[in-house]
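Colleague: My structure file data-v9.cif, mmCIF, C-alpha atoms and all ligand atoms, is below:
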data_model
#
loop_
_atom_site.label_atom_id
_atom_site.label_comp_id
_atom_site.auth_asym_id
_atom_site.auth_seq_id
_atom_site.Cartn_x
_atom_site.Cartn_y
_atom_site.Cartn_z
CA MET A 1 15.65 2.04 11.88
CA ILE A 2 16.57 3.68 8.63
CA ILE A 3 16.48 1.49 5.56
CA ALA A 4 17.80 3.26 2.47
CA ALA A 5 18.10 2.30 -1.19
CA ASN A 6 20.64 4.00 -3.42
CA LEU A 7 19.48 3.10 -6.92
CA LYS A 8 22.56 4.76 -8.48
CA THR A 9 22.39 4.84 -12.31
CA ASN A 10 19.68 2.21 -12.50
CA LEU A 11 15.99 2.03 -13.35
CA THR A 12 14.14 4.29 -15.76
CA ARG A 13 11.51 6.78 -14.65
CA GLN A 14 8.78 4.26 -15.40
CA GLU A 15 10.58 1.50 -13.51
CA THR A 16 11.22 3.81 -10.57
CA ASP A 17 7.56 4.83 -10.39
CA LYS A 18 6.60 1.16 -10.28
CA TYR A 19 9.29 0.47 -7.68
CA LEU A 20 7.98 3.19 -5.40
CA GLU A 21 4.40 2.09 -5.92
CA ASP A 22 5.27 -1.51 -4.97
CA LEU A 23 7.31 -0.36 -1.99
CA GLU A 24 4.52 1.88 -0.70
CA GLU A 25 2.06 -0.97 -1.07
CA TYR A 26 4.34 -3.20 0.97
CA LEU A 27 4.90 -0.61 3.70
CA ASN A 28 1.19 0.05 4.01
CA LYS A 29 0.30 -3.62 4.03
CA THR A 30 2.83 -4.44 6.75
CA LYS A 31 2.33 -1.18 8.65
CA SER A 32 6.10 -0.90 8.78
CA THR A 33 7.46 1.58 11.28
CA GLN A 34 10.86 1.98 9.60
CA GLU A 35 12.14 5.18 8.03
CA VAL A 36 12.54 4.19 4.39
CA LEU A 37 14.60 6.33 2.03
CA VAL A 38 15.02 5.87 -1.72
CA PHE A 39 17.55 7.71 -3.87
CA PRO A 40 16.57 7.29 -7.52
CA ALA A 41 18.45 8.50 -10.59
CA MET A 42 17.96 12.22 -11.29
CA THR A 43 15.76 11.64 -14.34
CA SER A 44 13.41 9.51 -12.26
CA LEU A 45 12.60 12.28 -9.79
CA ASN A 46 8.89 12.82 -9.49
CA HIS A 47 6.39 14.11 -6.98
CA HIS A 48 6.00 11.48 -4.35
CA SER A 49 3.62 11.19 -1.47
CA GLY A 50 3.56 8.29 0.92
CA LYS A 51 5.76 6.72 3.56
CA VAL A 52 8.91 6.56 1.47
CA ILE A 53 11.18 9.58 1.60
CA VAL A 54 12.63 10.22 -1.85
CA GLY A 55 16.00 11.94 -1.94
CA VAL A 56 18.62 12.84 -4.52
CA GLN A 57 21.97 11.16 -5.02
CA ASN A 58 23.57 14.53 -5.70
CA ALA A 59 22.89 18.20 -6.33
CA TYR A 60 25.08 21.24 -6.70
CA PRO A 61 25.20 23.80 -3.87
CA THR A 62 23.29 26.44 -5.77
CA LYS A 63 19.77 27.67 -6.30
CA ASN A 64 20.36 27.74 -10.05
CA GLY A 65 23.02 29.05 -12.44
CA ALA A 66 25.67 27.97 -14.93
CA PHE A 67 26.76 24.54 -13.70
CA THR A 68 26.52 22.28 -16.71
CA GLY A 69 25.34 18.79 -15.90
CA GLU A 70 24.25 19.63 -12.37
CA ILE A 71 20.93 20.38 -10.71
CA GLY A 72 20.26 22.80 -7.88
CA LEU A 73 17.65 23.85 -5.39
CA ASP A 74 15.12 25.09 -7.97
CA GLN A 75 15.06 21.65 -9.59
CA LEU A 76 14.74 19.91 -6.21
CA ASN A 77 11.96 22.22 -5.12
CA GLU A 78 10.00 21.32 -8.24
CA PHE A 79 9.61 17.82 -6.82
CA GLY A 80 9.57 18.70 -3.13
CA VAL A 81 12.87 16.90 -2.53
CA LYS A 82 14.35 17.68 0.89
CA THR A 83 16.82 14.82 1.30
CA ILE A 84 20.27 14.47 -0.23
CA LEU A 85 23.12 11.96 -0.26
CA ILE A 86 26.51 13.64 0.12
CA GLY A 87 30.01 12.17 0.01
CA HIS A 88 29.21 8.81 -1.53
CA SER A 89 32.41 6.97 -2.42
CA GLU A 90 31.51 6.97 -6.11
CA ARG A 91 31.27 10.78 -5.99
CA ARG A 92 34.53 11.02 -4.06
CA HIS A 93 36.57 8.46 -5.98
CA VAL A 94 34.99 8.20 -9.44
CA LEU A 95 33.76 11.77 -9.88
CA GLY A 96 36.63 13.30 -7.90
CA GLU A 97 34.70 15.37 -5.36
CA THR A 98 37.03 16.79 -2.73
CA GLN A 99 36.35 17.12 0.98
CA GLU A 100 36.24 20.89 0.49
CA SER A 101 33.56 20.68 -2.19
CA LEU A 102 31.58 18.22 -0.07
CA VAL A 103 31.72 20.58 2.89
CA ASN A 104 30.35 23.40 0.70
CA LYS A 105 27.56 21.16 -0.46
CA PHE A 106 26.87 19.98 3.08
CA ASN A 107 26.65 23.51 4.45
CA PHE A 108 24.47 24.73 1.61
CA TYR A 109 21.89 21.98 2.09
CA LYS A 110 22.20 22.04 5.87
CA ASP A 111 21.28 25.74 5.90
CA LEU A 112 18.16 24.78 3.97
CA GLY A 113 17.26 22.16 6.57
CA PHE A 114 17.71 19.17 4.25
CA LYS A 115 17.99 15.68 5.63
CA ILE A 116 21.56 14.74 4.73
CA VAL A 117 22.90 11.22 4.42
CA TYR A 118 26.64 11.80 4.59
CA CYS A 119 28.85 8.89 3.55
CA VAL A 120 32.29 7.99 4.83
CA GLY A 121 34.47 4.96 4.26
CA GLU A 122 37.97 3.78 3.49
CA PRO A 123 39.45 2.34 0.29
CA LEU A 124 41.19 -1.03 0.49
CA GLU A 125 44.73 0.31 0.83
CA LYS A 126 43.71 2.32 3.89
CA ARG A 127 42.09 -0.71 5.46
CA GLU A 128 45.21 -2.74 4.79
CA ALA A 129 47.34 -0.03 6.40
CA GLY A 130 45.92 -1.00 9.81
CA LYS A 131 43.15 0.18 12.08
CA GLU A 132 44.84 3.36 13.23
CA ALA A 133 45.66 4.58 9.72
CA MET A 134 42.20 3.61 8.58
CA MET A 135 40.45 5.54 11.34
CA ARG A 136 42.71 8.52 10.67
CA TYR A 137 41.66 8.43 7.03
CA ILE A 138 37.96 8.22 7.92
CA SER A 139 38.44 11.12 10.36
CA THR A 140 39.50 13.34 7.45
CA GLN A 141 36.07 12.75 5.94
CA TYR A 142 34.50 14.30 9.03
CA GLU A 143 36.55 17.49 8.65
CA GLY A 144 34.37 20.54 8.18
CA ILE A 145 31.17 18.58 8.71
CA ASP A 146 28.76 19.67 11.45
CA THR A 147 28.38 16.30 13.14
CA THR A 148 25.72 17.68 15.48
CA TYR A 149 23.39 18.74 12.67
CA GLU A 150 19.92 17.57 13.67
CA ASN A 151 18.96 16.21 10.23
CA LEU A 152 22.20 14.34 9.71
CA ILE A 153 22.44 10.62 9.03
CA ILE A 154 25.91 9.12 8.54
CA ALA A 155 26.55 6.07 6.38
CA TYR A 156 29.72 4.05 6.85
CA GLU A 157 30.48 2.39 3.53
CA PRO A 158 33.90 0.80 3.09
CA VAL A 159 34.81 1.51 -0.55
CA TRP A 160 36.14 -2.02 -1.07
CA ALA A 161 32.83 -3.50 0.06
CA ILE A 162 30.67 -1.56 -2.38
CA GLY A 163 29.34 -3.68 -5.20
CA THR A 164 31.97 -6.36 -4.61
CA GLY A 165 30.10 -8.90 -2.52
CA LEU A 166 32.77 -8.44 0.15
CA THR A 167 31.80 -7.22 3.58
CA PRO A 168 33.71 -6.60 6.78
CA THR A 169 32.99 -9.17 9.48
CA VAL A 170 30.12 -8.29 11.79
CA GLU A 171 32.69 -7.81 14.55
CA ASP A 172 34.51 -5.29 12.35
CA ILE A 173 31.33 -3.42 11.56
CA GLN A 174 30.45 -3.28 15.23
CA THR A 175 33.89 -2.02 16.27
CA ILE A 176 34.09 0.62 13.57
CA HIS A 177 30.54 1.80 14.26
CA SER A 178 31.34 2.15 17.96
CA ASP A 179 34.38 4.26 17.07
CA LEU A 180 32.37 6.37 14.63
CA LYS A 181 29.64 6.95 17.19
CA GLU A 182 32.25 8.78 19.22
CA LYS A 183 32.55 11.29 16.39
CA SER A 184 28.83 11.84 16.01
CA LEU A 185 25.66 10.67 17.68
CA ALA A 186 23.78 10.94 14.38
CA PRO A 187 22.10 7.72 13.21
CA LEU A 188 24.77 5.55 11.61
CA LEU A 189 23.99 3.27 8.68
CA TYR A 190 26.16 0.51 7.30
CA GLY A 191 26.49 0.14 3.51
CA GLY A 192 28.49 -2.11 1.22
CA SER A 193 27.24 -5.41 -0.22
CA VAL A 194 24.26 -5.58 2.10
CA LYS A 195 21.80 -8.14 0.78
CA VAL A 196 18.90 -10.26 1.97
CA SER A 197 21.27 -12.95 3.24
CA ASN A 198 23.29 -10.67 5.54
CA ALA A 199 20.98 -7.72 6.29
CA LYS A 200 19.44 -9.33 9.35
CA GLU A 201 22.74 -9.82 11.19
CA VAL A 202 23.99 -6.36 10.24
CA LEU A 203 20.79 -4.69 11.43
CA ALA A 204 20.98 -6.52 14.73
CA LEU A 205 24.38 -5.03 15.59
CA GLU A 206 24.82 -2.47 18.30
CA ASN A 207 25.41 1.02 16.90
CA VAL A 208 23.97 0.08 13.52
CA ASP A 209 20.92 2.27 13.05
CA GLY A 210 20.10 1.10 9.56
CA ILE A 211 21.49 0.14 6.17
CA LEU A 212 22.23 1.83 2.85
CA VAL A 213 21.75 -0.69 0.08
CA GLY A 214 22.82 -0.44 -3.57
CA GLY A 215 22.65 -3.45 -5.90
CA ALA A 216 20.44 -5.62 -3.70
CA ALA A 217 17.89 -2.83 -3.37
CA LEU A 218 17.16 -2.83 -7.10
CA ASN A 219 14.81 -5.72 -6.56
CA VAL A 220 11.90 -4.22 -4.64
CA LYS A 221 10.97 -7.56 -3.08
CA ASP A 222 14.49 -7.96 -1.68
CA PHE A 223 14.53 -4.40 -0.41
CA SER A 224 11.11 -4.89 1.20
CA ASP A 225 12.41 -8.05 2.89
CA MET A 226 15.23 -5.99 4.39
CA VAL A 227 12.67 -3.50 5.72
CA SER A 228 10.77 -6.40 7.27
CA PHE A 229 13.94 -7.61 9.04
CA ALA A 230 14.11 -4.25 10.77
CA ASP A 231 10.43 -4.48 11.68
CA ASP A 232 11.09 -7.89 13.23
CA LEU A 233 13.92 -6.71 15.47
P1 LIG B 301 26.14 -2.14 -2.88
O1 LIG B 301 25.03 -2.46 -1.92
O2 LIG B 301 25.80 -2.44 -4.30
O3 LIG B 301 27.43 -2.72 -2.43
O4 LIG B 301 26.31 -0.54 -2.83
C1 LIG B 301 26.36 0.09 -1.60
C2 LIG B 301 26.27 1.54 -1.81
O5 LIG B 301 27.14 2.14 -2.42
C3 LIG B 301 25.09 2.22 -1.30
O6 LIG B 301 25.24 3.61 -1.35
#
Show me the file's structure as structure tokens.
Ligand code: 13P

Modeller:
Amino acid sequence: MIIAANLKTNLTRQETDKYLEDLEEYLNKTKSTQEVLVFPAMTSLNHHSGKVIVGVQNAYPTKNGAFTGEIGLDQLNEFGVKTILIGHSERRHVLGETQESLVNKFNFYKDLGFKIVYCVGEPLEKREAGKEAMMRYISTQYEGIDTTYENLIIAYEPVWAIGTGLTPTVEDIQTIHSDLKEKSLAPLLYGGSVKVSNAKEVLALENVDGILVGGAALNVKDFSDMVSFADDL
């Protein structure tokens, strides 16, 4: 399974180094067979060797150039980063990234062979509009995306479940994941208020190929426990 930590705007470089060191130690000790991804803050990027795949939370679709506040391929290459998160709800809804800009980013990093974790998910008003409207909305987030790309991982993260402690029921997750699997056979992660207390039941669901964890992943022990749940399945 794929167990991923999105550290968002948390942890300093020093704290991230320690986090990765502790995580590697855990994975080696337990001989975990899971694919473990960590997305640290930009300023915490560093060379990393080990079992954990370190990716970026964002990058601009460019090698370099005049894009104030962004980083591009040259900066990723410096640290050997080959994995990127695209379409996270905070980028879509807080930073205002459009589907068109996400498609450009997707294609740029796809052409370079990057592993892409592409996020989709509905805001609360779309969920409340009923299943059909909700699935129609999520479908728009697949527009322009090559769903057959070999290094694609999709993460379903309902916006209203992110950082709120709210989660869909396991039945809901299972139904939505089954529907989304019809759009793409890429591994499909669930994200949104996953924590130690619910990770086990989420991971056990059919069509859930892993989890993308935010807040609860900041504690390396908790994140490691979630990796161990996947090992136990
Ligand atoms: P939380 O786990 O904090 O709800 O965040 C989920 C998320 O956005 C992961 O990308």

Colleague: Hey, what's within 10 Å of stretch 85-99 of chain A if we count all atoms listed in the file and toss same-chain stuff fewer than 2 positions away? As JSON, numbers by chain, please?

Modeller: {"A": [6, 8, 39, 55, 56, 57, 58, 59, 83, 101, 102, 103, 104, 105, 106, 109, 115, 116, 117, 118, 119, 120, 121, 122, 123, 140, 141, 142, 143, 144, 145, 153, 154, 155, 156, 157, 158, 159, 160, 162]}

Colleague: Please determine the residues with any atom at most 6 Å from (28.5, 17.1, 11.3) (coordinates as given in the file, with all atoms listed in the file counting) and report them as a VMD selection string.

Modeller: chain A and resid 145 to 149

Colleague: Can you write just those residues out, C-alpha atoms, as a PDB file, in the frame of the given file?

Modeller:
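New file result.pdb:
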ATOM      1  CA  ILE A 145      31.170  18.580   8.710  1.00  0.00           C
ATOM      2  CA  ASP A 146      28.760  19.670  11.450  1.00  0.00           C
ATOM      3  CA  THR A 147      28.380  16.300  13.140  1.00  0.00           C
ATOM      4  CA  THR A 148      25.720  17.680  15.480  1.00  0.00           C
ATOM      5  CA  TYR A 149      23.390  18.740  12.670  1.00  0.00           C
TER       6      TYR A 149
END

Colleague: At a cut-off of 12 Å, using all atoms listed in the file, what residues contact A:Lys31? Leave out same-chain residues fewer than 4 positions from it and give the result as JSON, numbers by chain.

Modeller: {"A": [23, 24, 25, 26, 27, 35, 51, 227, 228, 231, 232]}

Colleague: Mind writing the picked residues with C-alpha atoms as a PDB file, keeping the file's coordinate frame?

Modeller:
ATOM      1  CA  LEU A  23       7.310  -0.360  -1.990  1.00  0.00           C
ATOM      2  CA  GLU A  24       4.520   1.880  -0.700  1.00  0.00           C
ATOM      3  CA  GLU A  25       2.060  -0.970  -1.070  1.00  0.00           C
ATOM      4  CA  TYR A  26       4.340  -3.200   0.970  1.00  0.00           C
ATOM      5  CA  LEU A  27       4.900  -0.610   3.700  1.00  0.00           C
ATOM      6  CA  GLU A  35      12.140   5.180   8.030  1.00  0.00           C
ATOM      7  CA  LYS A  51       5.760   6.720   3.560  1.00  0.00           C
ATOM      8  CA  VAL A 227      12.670  -3.500   5.720  1.00  0.00           C
ATOM      9  CA  SER A 228      10.770  -6.400   7.270  1.00  0.00           C
ATOM     10  CA  ASP A 231      10.430  -4.480  11.680  1.00  0.00           C
ATOM     11  CA  ASP A 232      11.090  -7.890  13.230  1.00  0.00           C
TER      12      ASP A 232
END

Colleague: Residues within 9 Å of stretch 200-207 of chain A, please, as a list of chain:residue names. Count only C-alpha atoms; anything in the same chain fewer than 2 positions from it doesn't count.

Modeller: A:Met1, A:Val170, A:Glu171, A:Ile173, A:Gln174, A:His177, A:Ser178, A:Lys181, A:Pro187, A:Leu188, A:Leu189, A:Tyr190, A:Val194, A:Lys195, A:Val196, A:Ser197, A:Asn198, A:Asp209, A:Gly210, A:Ile211, A:Met226, A:Phe229, A:Ala230, A:Leu233

Colleague: Let me make sure I understand: among A:Phe114, A:Asp225, A:Lys18, A:Leu212, which one has the smallest atom-to-atom distance to A:Leu37 if we use only C-alpha atoms?

Modeller: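 Distance minimum relative to A:Leu37 lands on A:Leu212.
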
Colleague: Give me the residues within 10 Å of A:Glu70 as a PyMOL selection string, counting all atoms listed in the file and dropping any in the same chain fewer than 5 places off.

Modeller: chain A and resi 42+58-62+64-65+75

Colleague: To one decimal place in Å, what is the distance between atom CA of A:Thr33 and atom CA of A:Val213?

Modeller: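 Straight-line distance from atom CA of A:Thr33 to atom CA of A:Val213 works out to 18.3 Å.
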
Colleague: Could you jot down the atom CA of A:Pro168 to atom O3 of ligand LIG 301 (chain B) separation for me, Å, one decimal place?

Modeller: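 These atoms are spaced 11.8 Å apart.
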
Colleague: Atom CA of A:Asp111 and atom CA of A:Thr16 are how many Å apart?

Modeller: 29.2 Å

Colleague: Find the smallest box with edges along x, y and z containing every listed atom of ligand LIG 301 (chain B), then add 6 Å on each side and report centre and edge lengths in Å to one decimal, as AutoDock Vina command-line options.

Modeller:
--center_x 26.2 --center_y 0.4 --center_z -2.8 --size_x 14.4 --size_y 18.3 --size_z 15.0

Colleague: Which of these residues is nearest to ligand LIG 301 (chain B), using all atoms listed in the file: A:Tyr137, A:Ala199, A:Ala161, A:Leu180?

Modeller: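 When distances to ligand LIG 301 (chain B) are compared using all atoms listed in the file, the smallest one comes from A:Ala161.
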